[in-house]
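**Q** File protein.pdb follows (PDB, C-alpha atoms):
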ATOM      1  CA  ALA A  15     -56.937 -13.186   7.133  1.00  0.00           C
ATOM      2  CA  ALA A  16     -60.621 -12.437   7.075  1.00  0.00           C
ATOM      3  CA  ALA A  17     -61.744  -8.835   7.147  1.00  0.00           C
ATOM      4  CA  GLY A  18     -61.777  -7.566  10.707  1.00  0.00           C
ATOM      5  CA  ALA A  19     -59.622 -10.429  11.992  1.00  0.00           C
ATOM      6  CA  PRO A  20     -56.600  -9.240  13.979  1.00  0.00           C
ATOM      7  CA  ARG A  21     -53.201  -9.469  12.354  1.00  0.00           C
ATOM      8  CA  PRO A  22     -50.804 -12.043  13.760  1.00  0.00           C
ATOM      9  CA  PRO A  23     -48.739 -10.300  16.470  1.00  0.00           C
ATOM     10  CA  GLU A  24     -45.506 -10.635  14.493  1.00  0.00           C
ATOM     11  CA  ARG A  25     -47.074  -8.887  11.495  1.00  0.00           C
ATOM     12  CA  ALA A  26     -48.637  -6.141  13.618  1.00  0.00           C
ATOM     13  CA  LEU A  27     -45.272  -5.518  15.318  1.00  0.00           C
ATOM     14  CA  ALA A  28     -43.386  -5.480  12.013  1.00  0.00           C
ATOM     15  CA  GLU A  29     -45.866  -3.015  10.534  1.00  0.00           C
ATOM     16  CA  GLY A  30     -45.710  -0.969  13.743  1.00  0.00           C
ATOM     17  CA  GLN A  31     -41.910  -0.781  13.472  1.00  0.00           C
ATOM     18  CA  GLN A  32     -42.241   0.330   9.849  1.00  0.00           C
ATOM     19  CA  ALA A  33     -44.702   3.030  10.940  1.00  0.00           C
ATOM     20  CA  LEU A  34     -42.281   4.139  13.664  1.00  0.00           C
ATOM     21  CA  ALA A  35     -39.462   4.369  11.110  1.00  0.00           C
ATOM     22  CA  ARG A  36     -41.549   6.726   8.982  1.00  0.00           C
ATOM     23  CA  ARG A  37     -42.547   8.705  12.090  1.00  0.00           C
ATOM     24  CA  ASP A  38     -46.203   7.646  11.876  1.00  0.00           C
ATOM     25  CA  PHE A  39     -46.478   7.457  15.635  1.00  0.00           C
ATOM     26  CA  ALA A  40     -50.269   6.984  15.660  1.00  0.00           C
ATOM     27  CA  ALA A  41     -50.025   3.871  13.444  1.00  0.00           C
ATOM     28  CA  ALA A  42     -47.148   2.502  15.547  1.00  0.00           C
ATOM     29  CA  GLU A  43     -49.161   3.054  18.728  1.00  0.00           C
ATOM     30  CA  ALA A  44     -52.221   1.380  17.175  1.00  0.00           C
ATOM     31  CA  ALA A  45     -50.173  -1.672  16.157  1.00  0.00           C
ATOM     32  CA  ALA A  46     -48.691  -2.017  19.648  1.00  0.00           C
ATOM     33  CA  ARG A  47     -52.101  -1.682  21.298  1.00  0.00           C
ATOM     34  CA  GLU A  48     -53.538  -4.254  18.868  1.00  0.00           C
ATOM     35  CA  VAL A  49     -50.942  -6.818  19.983  1.00  0.00           C
ATOM     36  CA  LEU A  50     -51.514  -6.014  23.668  1.00  0.00           C
ATOM     37  CA  ALA A  51     -55.296  -6.263  23.280  1.00  0.00           C
ATOM     38  CA  ASN A  52     -54.947  -9.796  21.895  1.00  0.00           C
ATOM     39  CA  ARG A  53     -54.473 -11.965  25.033  1.00  0.00           C
ATOM     40  CA  GLY A  54     -52.256  -9.321  26.626  1.00  0.00           C
ATOM     41  CA  GLY A  55     -49.703  -9.682  23.864  1.00  0.00           C
ATOM     42  CA  GLY A  56     -48.606 -13.163  24.898  1.00  0.00           C
ATOM     43  CA  ALA A  57     -44.985 -13.885  24.108  1.00  0.00           C
ATOM     44  CA  ARG A  58     -44.715 -10.623  22.188  1.00  0.00           C
ATOM     45  CA  ALA A  59     -45.968  -8.361  24.996  1.00  0.00           C
ATOM     46  CA  GLN A  60     -42.519  -6.967  25.779  1.00  0.00           C
ATOM     47  CA  ASP A  61     -41.937  -6.137  22.109  1.00  0.00           C
ATOM     48  CA  ALA A  62     -45.362  -4.485  21.915  1.00  0.00           C
ATOM     49  CA  LEU A  63     -44.730  -2.430  25.056  1.00  0.00           C
ATOM     50  CA  LEU A  64     -41.364  -1.235  23.717  1.00  0.00           C
ATOM     51  CA  LEU A  65     -43.027  -0.220  20.450  1.00  0.00           C
ATOM     52  CA  LEU A  66     -45.776   1.532  22.406  1.00  0.00           C
ATOM     53  CA  GLY A  67     -43.206   3.424  24.466  1.00  0.00           C
ATOM     54  CA  GLU A  68     -41.336   4.590  21.361  1.00  0.00           C
ATOM     55  CA  ALA A  69     -44.587   5.653  19.675  1.00  0.00           C
ATOM     56  CA  LEU A  70     -45.714   7.598  22.755  1.00  0.00           C
ATOM     57  CA  LEU A  71     -42.323   9.315  23.027  1.00  0.00           C
ATOM     58  CA  GLY A  72     -42.656  10.275  19.372  1.00  0.00           C
ATOM     59  CA  LYS A  73     -46.121  11.694  20.027  1.00  0.00           C
ATOM     60  CA  GLY A  74     -44.785  13.820  22.880  1.00  0.00           C
ATOM     61  CA  ASP A  75     -46.353  11.790  25.694  1.00  0.00           C
ATOM     62  CA  PRO A  76     -43.321  10.884  27.831  1.00  0.00           C
ATOM     63  CA  GLN A  77     -45.288  10.093  31.009  1.00  0.00           C
ATOM     64  CA  ASN A  78     -47.272   7.328  29.316  1.00  0.00           C
ATOM     65  CA  ALA A  79     -44.146   6.238  27.435  1.00  0.00           C
ATOM     66  CA  ALA A  80     -42.444   5.784  30.820  1.00  0.00           C
ATOM     67  CA  ILE A  81     -45.306   3.546  31.955  1.00  0.00           C
ATOM     68  CA  ALA A  82     -45.017   1.427  28.790  1.00  0.00           C
ATOM     69  CA  PHE A  83     -41.231   1.067  29.137  1.00  0.00           C
ATOM     70  CA  ASP A  84     -41.542   0.199  32.833  1.00  0.00           C
ATOM     71  CA  ASP A  85     -44.188  -2.429  32.005  1.00  0.00           C
ATOM     72  CA  ALA A  86     -41.907  -3.831  29.284  1.00  0.00           C
ATOM     73  CA  TYR A  87     -39.057  -4.161  31.775  1.00  0.00           C
ATOM     74  CA  ARG A  88     -41.262  -5.735  34.436  1.00  0.00           C
ATOM     75  CA  ARG A  89     -42.630  -8.318  31.973  1.00  0.00           C
ATOM     76  CA  ASN A  90     -39.186  -9.873  31.520  1.00  0.00           C
ATOM     77  CA  ARG A  91     -36.418  -8.396  33.666  1.00  0.00           C
ATOM     78  CA  GLN A  92     -33.858 -10.892  32.343  1.00  0.00           C
ATOM     79  CA  GLY A  93     -35.011 -10.852  28.723  1.00  0.00           C
ATOM     80  CA  ALA A  94     -32.852  -9.815  25.808  1.00  0.00           C
ATOM     81  CA  ARG A  95     -34.840  -6.583  25.464  1.00  0.00           C
ATOM     82  CA  ALA A  96     -34.831  -5.614  29.160  1.00  0.00           C
ATOM     83  CA  PRO A  97     -31.874  -3.205  28.653  1.00  0.00           C
ATOM     84  CA  GLU A  98     -33.830  -1.437  25.887  1.00  0.00           C
ATOM     85  CA  ALA A  99     -36.777  -1.091  28.251  1.00  0.00           C
ATOM     86  CA  LEU A 100     -34.624   0.526  30.951  1.00  0.00           C
ATOM     87  CA  LEU A 101     -32.998   2.827  28.409  1.00  0.00           C
ATOM     88  CA  GLY A 102     -36.435   3.806  27.108  1.00  0.00           C
ATOM     89  CA  LEU A 103     -37.594   4.478  30.658  1.00  0.00           C
ATOM     90  CA  ALA A 104     -34.582   6.731  31.291  1.00  0.00           C
ATOM     91  CA  THR A 105     -35.199   8.523  27.982  1.00  0.00           C
ATOM     92  CA  ALA A 106     -38.834   9.101  28.906  1.00  0.00           C
ATOM     93  CA  PHE A 107     -37.828  10.414  32.340  1.00  0.00           C
ATOM     94  CA  ASN A 108     -35.419  12.822  30.648  1.00  0.00           C
ATOM     95  CA  ALA A 109     -38.181  13.959  28.297  1.00  0.00           C
ATOM     96  CA  PHE A 110     -40.214  15.294  31.225  1.00  0.00           C
ATOM     97  CA  ASN A 111     -37.232  16.549  33.218  1.00  0.00           C
ATOM     98  CA  ALA A 112     -37.267  13.791  35.844  1.00  0.00           C
ATOM     99  CA  ARG A 113     -33.483  13.799  35.867  1.00  0.00           C
ATOM    100  CA  ARG A 114     -32.968  12.097  39.223  1.00  0.00           C
ATOM    101  CA  GLU A 115     -35.194   9.203  38.089  1.00  0.00           C
ATOM    102  CA  ALA A 116     -33.392   9.070  34.732  1.00  0.00           C
ATOM    103  CA  CYS A 117     -30.003   8.819  36.453  1.00  0.00           C
ATOM    104  CA  ALA A 118     -31.254   6.150  38.868  1.00  0.00           C
ATOM    105  CA  THR A 119     -32.612   4.130  35.948  1.00  0.00           C
ATOM    106  CA  LEU A 120     -29.344   4.495  34.036  1.00  0.00           C
ATOM    107  CA  ASP A 121     -27.427   3.369  37.146  1.00  0.00           C
ATOM    108  CA  GLN A 122     -29.735   0.344  37.337  1.00  0.00           C
ATOM    109  CA  LEU A 123     -29.097  -0.356  33.647  1.00  0.00           C
ATOM    110  CA  ARG A 124     -25.333  -0.216  34.201  1.00  0.00           C
ATOM    111  CA  SER A 125     -25.419  -2.509  37.235  1.00  0.00           C
ATOM    112  CA  GLU A 126     -27.837  -5.104  35.818  1.00  0.00           C
ATOM    113  CA  PHE A 127     -26.415  -5.137  32.288  1.00  0.00           C
ATOM    114  CA  PRO A 128     -22.717  -4.192  32.450  1.00  0.00           C
ATOM    115  CA  ARG A 129     -21.976  -5.456  28.911  1.00  0.00           C
ATOM    116  CA  LEU A 130     -24.334  -3.523  26.658  1.00  0.00           C
ATOM    117  CA  PRO A 131     -24.011  -3.665  22.884  1.00  0.00           C
ATOM    118  CA  PRO A 132     -22.051  -0.598  21.682  1.00  0.00           C
ATOM    119  CA  ALA A 133     -25.074   1.164  20.164  1.00  0.00           C
ATOM    120  CA  LEU A 134     -27.102   0.793  23.373  1.00  0.00           C
ATOM    121  CA  ALA A 135     -24.121   1.858  25.500  1.00  0.00           C
ATOM    122  CA  ALA A 136     -23.739   5.004  23.386  1.00  0.00           C
ATOM    123  CA  GLN A 137     -27.424   5.830  23.780  1.00  0.00           C
ATOM    124  CA  ALA A 138     -27.194   5.284  27.531  1.00  0.00           C
ATOM    125  CA  GLN A 139     -24.168   7.568  27.712  1.00  0.00           C
ATOM    126  CA  GLU A 140     -26.062  10.267  25.791  1.00  0.00           C
ATOM    127  CA  GLN A 141     -29.007  10.000  28.202  1.00  0.00           C
ATOM    128  CA  ARG A 142     -26.577  10.251  31.153  1.00  0.00           C
ATOM    129  CA  ARG A 143     -25.162  13.431  29.619  1.00  0.00           C
ATOM    130  CA  ARG A 144     -28.632  14.903  29.039  1.00  0.00           C
ATOM    131  CA  ALA A 145     -29.693  14.160  32.596  1.00  0.00           C
ATOM    132  CA  GLY A 146     -26.452  15.489  34.066  1.00  0.00           C
ATOM    133  CA  CYS A 147     -25.759  12.224  35.891  1.00  0.00           C
ATOM    134  CA  ARG A 148     -22.594  11.873  37.945  1.00  0.00           C
TER
END
Could you show the structure in this file as structure tokens?

**A**
Amino acid sequence: AAAGAPRPPERALAEGQQALARRDFAAAEAAAREVLANRGGGARAQDALLLLGEALLGKGDPQNAAIAFDDAYRRNRQGARAPEALLGLATAFNAFNARREACATLDQLRSEFPRLPPALAAQAQEQRRRAGCR
């Protein structure tokens, strides 16, 4: 690619995930915003919003992370990554002590997606415990 040309969204997201893995939250956020700035992210918008939410949580900005996760969910409520978006939203709510909202989101996750993969189910259970959900 020419200097200054944006990376393809798949590459930006892959590099953003690598940055997230090494806890470089600023680089992960920048990669997500780059994808979203390019035609709103197109088909990869949900992936970019999930990456943005994770990066913002890592940076200690749970309110804006909640917005990113909610946007990710709203972009594709039936998509394969919708459960991750709801779990991220609940995690963000927990991070700023919005426990009632976290529990409501986790209840929504359970009702809309009753068969979560084991890893996601375990994370949801941990968030339920942290929020003190019934």

**Q** Hey, can you check how far CA of Arg113 (chain A) sits from CA of Gly72 (chain A)?

**A**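 Result for CA of Arg113 (chain A) versus CA of Gly72 (chain A): 19.2 Å, one decimal.
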
**Q** What is the distance between CA of Arg143 (chain A) and CA of Arg88 (chain A), in Å to one decimal?

**A** 25.5 Å

**Q** Restricting the calculation to only C-alpha atoms: of A:Leu65, A:Ala59, A:Asn108, A:Arg47, which residue gets closest to Gln32 (chain A)?

**A** A:Leu65

**Q** Please enumerate the residues selected by the PyMOL selection byres ((chain A and resi 27-31) around 8) when evaluated against the supplied file, formatted as a ChimeraX atom specification.

**A** /A:23-26,32-35,41-46,49,61-62,65

**Q** Would you mind reading off the distance between CA of Phe107 (chain A) and CA of Leu63 (chain A), one decimal, in Å?

**A**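 Computed distance, CA of Phe107 (chain A) to CA of Leu63 (chain A), equals 16.3 Å.
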
**Q** Which residues, written as a list in words, have at least one atom at most 12 Å from Ala118 (chain A), with only C-alpha atoms counted and residues fewer than 3 positions away on the same chain left out?

**A**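 Non-adjacent residues within range: Leu100, Leu101, Leu103, Ala104, Thr105, Phe107, Asn108, Ala112, Arg113, Arg114, Glu115, Asp121, Gln122, Leu123, Arg124, Ser125, Gln141, Arg142, Ala145, Gly146, Cys147 and Arg148 of chain A.
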
**Q** Please dump the current selection as a compact mmCIF listing (two decimals), keeping the file's coordinate frame; keep C-alpha atoms.

**A**
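The resulting file, part_3.txt, is reproduced below:
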# COMPACT_ATOMS: atom_id res chain seq x y z
CA LEU A 100 -34.62 0.53 30.95
CA LEU A 101 -33.00 2.83 28.41
CA LEU A 103 -37.59 4.48 30.66
CA ALA A 104 -34.58 6.73 31.29
CA THR A 105 -35.20 8.52 27.98
CA PHE A 107 -37.83 10.41 32.34
CA ASN A 108 -35.42 12.82 30.65
CA ALA A 112 -37.27 13.79 35.84
CA ARG A 113 -33.48 13.80 35.87
CA ARG A 114 -32.97 12.10 39.22
CA GLU A 115 -35.19 9.20 38.09
CA ASP A 121 -27.43 3.37 37.15
CA GLN A 122 -29.74 0.34 37.34
CA LEU A 123 -29.10 -0.36 33.65
CA ARG A 124 -25.33 -0.22 34.20
CA SER A 125 -25.42 -2.51 37.24
CA GLN A 141 -29.01 10.00 28.20
CA ARG A 142 -26.58 10.25 31.15
CA ALA A 145 -29.69 14.16 32.60
CA GLY A 146 -26.45 15.49 34.07
CA CYS A 147 -25.76 12.22 35.89
CA ARG A 148 -22.59 11.87 37.94

**Q** Hey, what's within 10 Å of Phe110 (chain A) if we count only C-alpha atoms and toss same-chain stuff fewer than 6 positions away? As a ChimeraX atom specification, please?

**A** /A:74-77,80,116

**Q** For the residues selected in the previous step, produce a file with C-alpha atoms as a compact mmCIF listing (two decimals), in the frame of the given file.

**A**
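out_25.txt was written with the following content:
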# COMPACT_ATOMS: atom_id res chain seq x y z
CA GLY A 74 -44.78 13.82 22.88
CA ASP A 75 -46.35 11.79 25.69
CA PRO A 76 -43.32 10.88 27.83
CA GLN A 77 -45.29 10.09 31.01
CA ALA A 80 -42.44 5.78 30.82
CA ALA A 116 -33.39 9.07 34.73

**Q** Counting only C-alpha atoms, figure out which residue out of A:Lys73, A:Arg58, A:Arg21, A:Arg129 gets nearest to Asp38 (chain A).

**A** A:Lys73

**Q** Running the PyMOL selection byres ((chain A and resi 90-92) around 12) on this model by hand, what would come out? Give it as a ChimeraX atom specification.

**A** /A:56-61,63-64,83-89,93-100,122-123,126-127

**Q** Return the single residue from A:Pro128, A:Arg144, A:Gly67, A:Gln137 that is closest to Asn111 (chain A), with distances computed using only C-alpha atoms.

**A**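 Ranking A:Pro128, A:Arg144, A:Gly67, A:Gln137 by distance to Asn111 (chain A), first place goes to A:Arg144.
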
**Q** Nearest to Ala79 (chain A): which of A:Glu48, A:Thr119, A:Ala109, A:Leu130 is it, counting only C-alpha atoms?

**A**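 Closest residue, counting only C-alpha atoms: A:Ala109.
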
**Q** Find, counting all atoms listed in the file, the residue in A:Glu68, A:Pro22, A:Gly54, A:Ala135 that gets nearest to Phe39 (chain A).

**A** A:Glu68

**Q** Edge lengths and centre in Å to one decimal, as lines of an AutoDock Vina configuration file, of the axis-aligned box that encloses all listed atoms of region 133-143 of chain A with 4 Å added on every side?

**A**
center_x = -26.4
center_y = 7.1
center_z = 25.7
size_x = 13.3
size_y = 20.6
size_z = 19.0
